[in-house]
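Below is model_22.txt, which holds compact mmCIF, C-alpha atoms.
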```txt
# COMPACT_ATOMS: atom_id res chain seq x y z
CA MET F 1 -12.15 -3.12 2.32
CA LEU F 2 -12.00 -6.45 4.06
CA PRO F 3 -9.13 -6.64 6.59
CA LEU F 4 -9.17 -10.43 6.26
CA ILE F 5 -8.09 -10.06 2.62
CA VAL F 6 -6.13 -6.81 2.63
CA VAL F 7 -3.87 -7.27 5.66
CA PRO F 8 -2.48 -10.75 4.82
CA SER F 9 -1.97 -9.53 1.23
CA LEU F 10 -0.05 -6.48 2.42
CA ILE F 11 2.04 -8.49 4.87
CA GLY F 12 2.85 -10.98 2.08
CA ILE F 13 3.80 -8.22 -0.36
CA MET F 14 6.08 -6.55 2.17
CA LEU F 15 7.75 -9.76 3.33
CA GLY F 16 8.12 -10.81 -0.31
CA SER F 17 9.84 -7.56 -1.21
CA TRP F 18 12.26 -7.83 1.72
CA VAL F 19 13.10 -11.45 0.92
CA GLY F 20 13.04 -10.93 -2.85
CA VAL F 21 15.49 -8.05 -3.16
CA PRO F 22 18.54 -9.93 -1.74
CA ILE F 23 17.62 -12.98 -3.86
CA LEU F 24 17.26 -10.74 -6.95
CA ALA F 25 20.72 -9.30 -6.37
CA ARG F 26 22.29 -12.78 -6.39
CA THR F 27 20.27 -14.41 -9.17
CA LYS F 28 21.25 -14.42 -12.85
CA PRO F 29 19.24 -11.88 -14.89
CA ALA F 30 18.28 -14.57 -17.47
CA ILE F 31 16.57 -16.68 -14.80
CA ILE F 32 14.59 -13.64 -13.58
CA ARG F 33 13.61 -12.90 -17.19
CA TYR F 34 12.25 -16.42 -17.72
CA ILE F 35 10.38 -16.38 -14.40
CA VAL F 36 8.75 -13.02 -15.30
CA ILE F 37 7.84 -14.31 -18.80
CA ILE F 38 6.23 -17.46 -17.32
CA LEU F 39 4.29 -15.43 -14.72
CA LEU F 40 3.07 -12.93 -17.33
CA LEU F 41 2.02 -15.76 -19.65
CA PHE F 42 0.14 -17.39 -16.78
CA ALA F 43 -1.55 -14.08 -15.82
CA GLY F 44 -2.41 -13.40 -19.47
CA LEU F 45 -3.87 -16.88 -19.90
CA ARG F 46 -6.00 -16.48 -16.79
CA ALA F 47 -7.27 -13.09 -17.98
CA PHE F 48 -7.98 -14.56 -21.42
CA LEU F 49 -9.92 -17.50 -19.98
CA LYS F 50 -11.83 -15.18 -17.65
CA GLY F 51 -12.69 -12.95 -20.61
CA LEU F 52 -14.06 -15.98 -22.46
CA GLY F 53 -16.03 -16.99 -19.39
CA ILE F 54 -14.20 -20.32 -19.02
CA MET O 1 28.65 10.42 -10.74
CA SER O 2 28.45 6.77 -11.78
CA PRO O 3 24.99 5.80 -13.07
CA LEU O 4 24.90 3.00 -10.48
CA LYS O 5 25.69 5.27 -7.53
CA ALA O 6 22.69 6.70 -5.71
CA SER O 7 22.67 10.42 -4.94
CA GLU O 8 22.52 11.77 -1.39
CA ALA O 9 18.84 12.69 -1.83
CA GLN O 10 18.00 9.21 -3.14
CA LEU O 11 19.71 7.58 -0.18
CA PHE O 12 17.93 9.95 2.21
CA TYR O 13 14.57 9.13 0.58
CA ALA O 14 15.30 5.39 0.83
CA LYS O 15 16.35 5.71 4.47
CA ILE O 16 13.12 7.50 5.46
CA LEU O 17 11.02 5.06 3.41
CA ASN O 18 12.70 2.05 5.01
CA ARG O 19 12.11 3.31 8.55
CA LEU O 20 8.51 4.36 7.93
CA THR O 21 7.76 1.04 6.20
CA LEU O 22 9.17 -0.93 9.15
CA ILE O 23 7.05 1.10 11.59
CA GLY O 24 3.97 0.72 9.38
CA PHE O 25 4.55 -3.02 9.06
CA ALA O 26 4.87 -3.46 12.83
CA VAL O 27 1.69 -1.44 13.47
CA LEU O 28 -0.10 -3.43 10.75
CA VAL O 29 0.75 -6.77 12.36
CA VAL O 30 -0.32 -5.54 15.82
CA ALA O 31 -3.58 -4.06 14.45
CA PHE O 32 -4.36 -7.29 12.60
CA PHE O 33 -3.91 -9.32 15.80
CA VAL O 34 -6.17 -6.86 17.64
CA TYR O 35 -8.82 -7.58 15.00
CA ILE O 36 -8.29 -11.35 14.67
CA LEU O 37 -8.13 -12.02 18.43
CA GLY O 38 -11.25 -9.91 18.98
CA ILE O 39 -9.53 -7.54 21.43
CA LEU O 40 -11.73 -4.84 19.89
CA SER O 41 -15.13 -5.97 18.66
CA PRO O 42 -15.52 -5.69 14.87
CA TYR O 43 -18.03 -3.44 13.11
CA VAL O 44 -18.82 -6.27 10.70
CA THR O 45 -18.65 -9.65 12.42
CA LYS O 46 -16.50 -12.40 10.90
CA ALA O 47 -19.63 -14.46 10.24
CA ALA O 48 -21.07 -11.55 8.25
CA VAL O 49 -17.77 -11.17 6.37
CA LEU O 50 -18.14 -14.79 5.20
CA HIS O 51 -21.63 -13.97 3.99
CA PHE O 52 -20.29 -11.06 1.89
CA TRP O 53 -17.17 -12.97 0.73
CA THR O 54 -18.37 -13.70 -2.80
CA GLN O 55 -20.26 -10.44 -3.29
CA SER O 56 -19.06 -7.12 -4.66
CA SER O 57 -17.31 -4.57 -2.45
CA HIS O 58 -20.02 -2.06 -3.41
CA HIS O 59 -22.69 -4.35 -1.95
CA TYR O 60 -20.56 -4.94 1.16
CA LEU O 61 -20.21 -1.20 1.78
CA GLN O 62 -23.89 -0.50 1.12
CA ALA O 63 -25.24 -3.36 3.23
CA ASN O 64 -23.08 -2.40 6.21
CA ASN O 65 -23.54 1.37 5.81
CA ILE O 66 -19.80 1.98 5.35
CA GLN O 67 -18.96 5.25 3.63
CA PRO O 68 -15.94 5.41 1.33
CA GLY O 69 -13.17 7.97 1.87
CA TRP O 70 -12.12 9.19 5.31
CA ALA O 71 -15.31 8.12 7.13
CA TRP O 72 -13.34 5.23 8.68
CA LEU O 73 -11.82 7.72 11.15
CA SER O 74 -15.15 7.80 13.00
CA LYS O 75 -15.14 4.00 13.40
CA LEU O 76 -11.72 3.47 14.99
CA LYS O 77 -13.25 1.89 18.07
CA TYR O 78 -13.94 -1.24 15.99
CA GLY O 79 -11.32 -3.95 15.42
CA ASP O 80 -11.82 -4.14 11.65
CA PHE O 81 -11.31 -0.40 11.26
CA ILE O 82 -8.19 -0.23 13.43
CA VAL O 83 -6.21 -1.80 10.56
CA TYR O 84 -6.94 1.29 8.48
CA ILE O 85 -4.43 3.23 10.63
CA PRO O 86 -1.29 1.34 9.48
CA ILE O 87 -2.63 1.17 5.92
CA ALA O 88 -3.08 4.97 5.89
CA MET O 89 0.40 5.31 7.42
CA LEU O 90 1.93 3.13 4.70
CA ALA O 91 0.01 4.95 1.99
CA GLY O 92 1.25 8.29 3.34
CA ASN O 93 4.90 7.22 3.44
CA THR O 94 5.60 8.61 -0.03
CA ILE O 95 4.36 12.07 0.98
CA VAL O 96 6.61 12.15 4.06
CA CYS O 97 9.58 10.98 1.98
CA TYR O 98 9.01 13.72 -0.60
CA VAL O 99 8.74 16.35 2.13
CA GLY O 100 12.06 15.07 3.48
CA VAL O 101 13.85 15.34 0.15
CA ILE O 102 12.44 18.85 -0.43
CA PHE O 103 14.69 20.01 2.42
CA LYS O 104 17.63 18.10 0.95
CA PHE O 105 17.07 19.79 -2.43
CA LEU O 106 16.70 23.20 -0.76
CA LYS O 107 20.02 22.67 0.98
CA SER O 108 21.75 21.75 -2.30
CA LYS O 109 19.89 24.63 -4.07
CA GLU O 110 18.35 22.35 -6.73
CA ASN O 111 15.34 24.59 -7.30
CA ILE O 112 13.76 22.63 -10.16
CA LEU O 113 13.79 19.46 -8.11
CA VAL O 114 12.32 21.41 -5.16
CA ALA O 115 9.45 22.57 -7.39
CA ILE O 116 8.85 19.03 -8.75
CA ALA O 117 8.89 17.52 -5.24
CA ILE O 118 6.46 20.20 -3.94
CA LEU O 119 4.11 19.55 -6.87
CA GLU O 120 4.33 15.82 -6.22
CA VAL O 121 3.38 16.35 -2.57
CA LEU O 122 0.44 18.58 -3.60
CA VAL O 123 -0.81 15.99 -6.12
CA LEU O 124 -0.57 13.18 -3.55
CA LEU O 125 -2.31 15.28 -0.90
CA ALA O 126 -5.09 16.17 -3.36
CA ALA O 127 -5.51 12.47 -4.24
CA ALA O 128 -5.55 11.43 -0.58
CA SER O 129 -7.98 14.18 0.42
CA GLY O 130 -10.84 12.54 -1.47
CA LEU O 131 -11.80 15.91 -2.98
CA LEU O 132 -11.14 14.57 -6.46
CA LYS O 133 -13.81 12.09 -7.41
CA ALA O 134 -12.40 9.64 -9.91
CA GLY O 135 -11.49 6.01 -10.30
CA GLY O 136 -13.39 2.88 -9.51
CA HIS O 137 -13.17 2.82 -5.70
```

The structure given in the file should be rewritten as structure tokens.
Amino acid sequence: MLPLIVVPSLIGIMLGSWVGVPILARTKPAIIRYIVIILLLFAGLRAFLKGLGI
Amino acid sequence: MSPLKASEAQLFYAKILNRLTLIGFAVLVVAFFVYILGILSPYVTKAAVLHFWTQSSHHYLQANNIQPGWAWLSKLKYGDFIVYIPIAMLAGNTIVCYVGVIFKFLKSKENILVAIAILEVLVLLAAASGLLKAGGH
């Protein structure tokens, strides 16, 4: 485990969750749905391209 | 009870989790600064970390003679291993929270939930112990 990778990641995840929850409570569910769909499509595309070795 | 209203045990669990997470986060930031500022010398120097950056974690562990599991406890005098303390604290938060709610369930005499929570603690402790060899890490 490399602290240089793990610790900033953890700090980012934790800060993101603290900031994200109040924003989530105020945002319209449809907007969240579209953001999640776009992120999943992006992640899927990256995995697909990686699988093809591109 | 409304489906949107949290139970007393849920609120208690969340309260413990919130406090432990805040403590863990604070310790994590301090430990990271101890490492980055070189207050404690690292086991693997930052120059060596750059060398291993693009290689597999398996190679990194092997080349630096780092054992997986709980062996990090013997290397706490090094700056890069001090950050393991808050990470272990954060990873153990769930166990502490479950132990907390066991007492809540005992008080409200919810025996099935007591049994489930105890089993959950035992499973988490078994996983954390390193006695079960599975997974890719």

When the cut-off is 9 Å and we count all atoms listed in the file, which residues of chain O are near chain F, given as a PyMOL selection string? chain O and resi 21+25+28-29+32+35-36+46+49+53+57+60-61+80-81+83-84+87

What is the CA of Gln10 (chain O) to CA of Ile102 (chain O) distance in Å? 11.5 Å

One-decimal distance in Å that lies between CA of Gly16 (chain F) and CA of Val44 (chain O):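 We find that CA of Val44 (chain O) and CA of Gly16 (chain F) lie 29.5 Å from each other.
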
For CA of Trp72 (chain O) and CA of Ala91 (chain O), determine how far apart the two atoms are, in Å to one decimal place.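 So the answer is 14.9 Å.
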
Would you compute an axis-aligned box for region 101-118 of chain O, covering every atom listed for it in the file with 8 Å of margin on each side, and report centre and edge lengths in Å to one decimal as JSON?
```
{"center_x": 14.1, "center_y": 20.0, "center_z": -3.9, "size_x": 31.3, "size_y": 25.3, "size_z": 28.6}
```

Residue among O:Ser74, O:Asn93, O:Gln62, O:Thr54 lying closest to Lys15 (chain O), counting all atoms listed in the file: O:Asn93
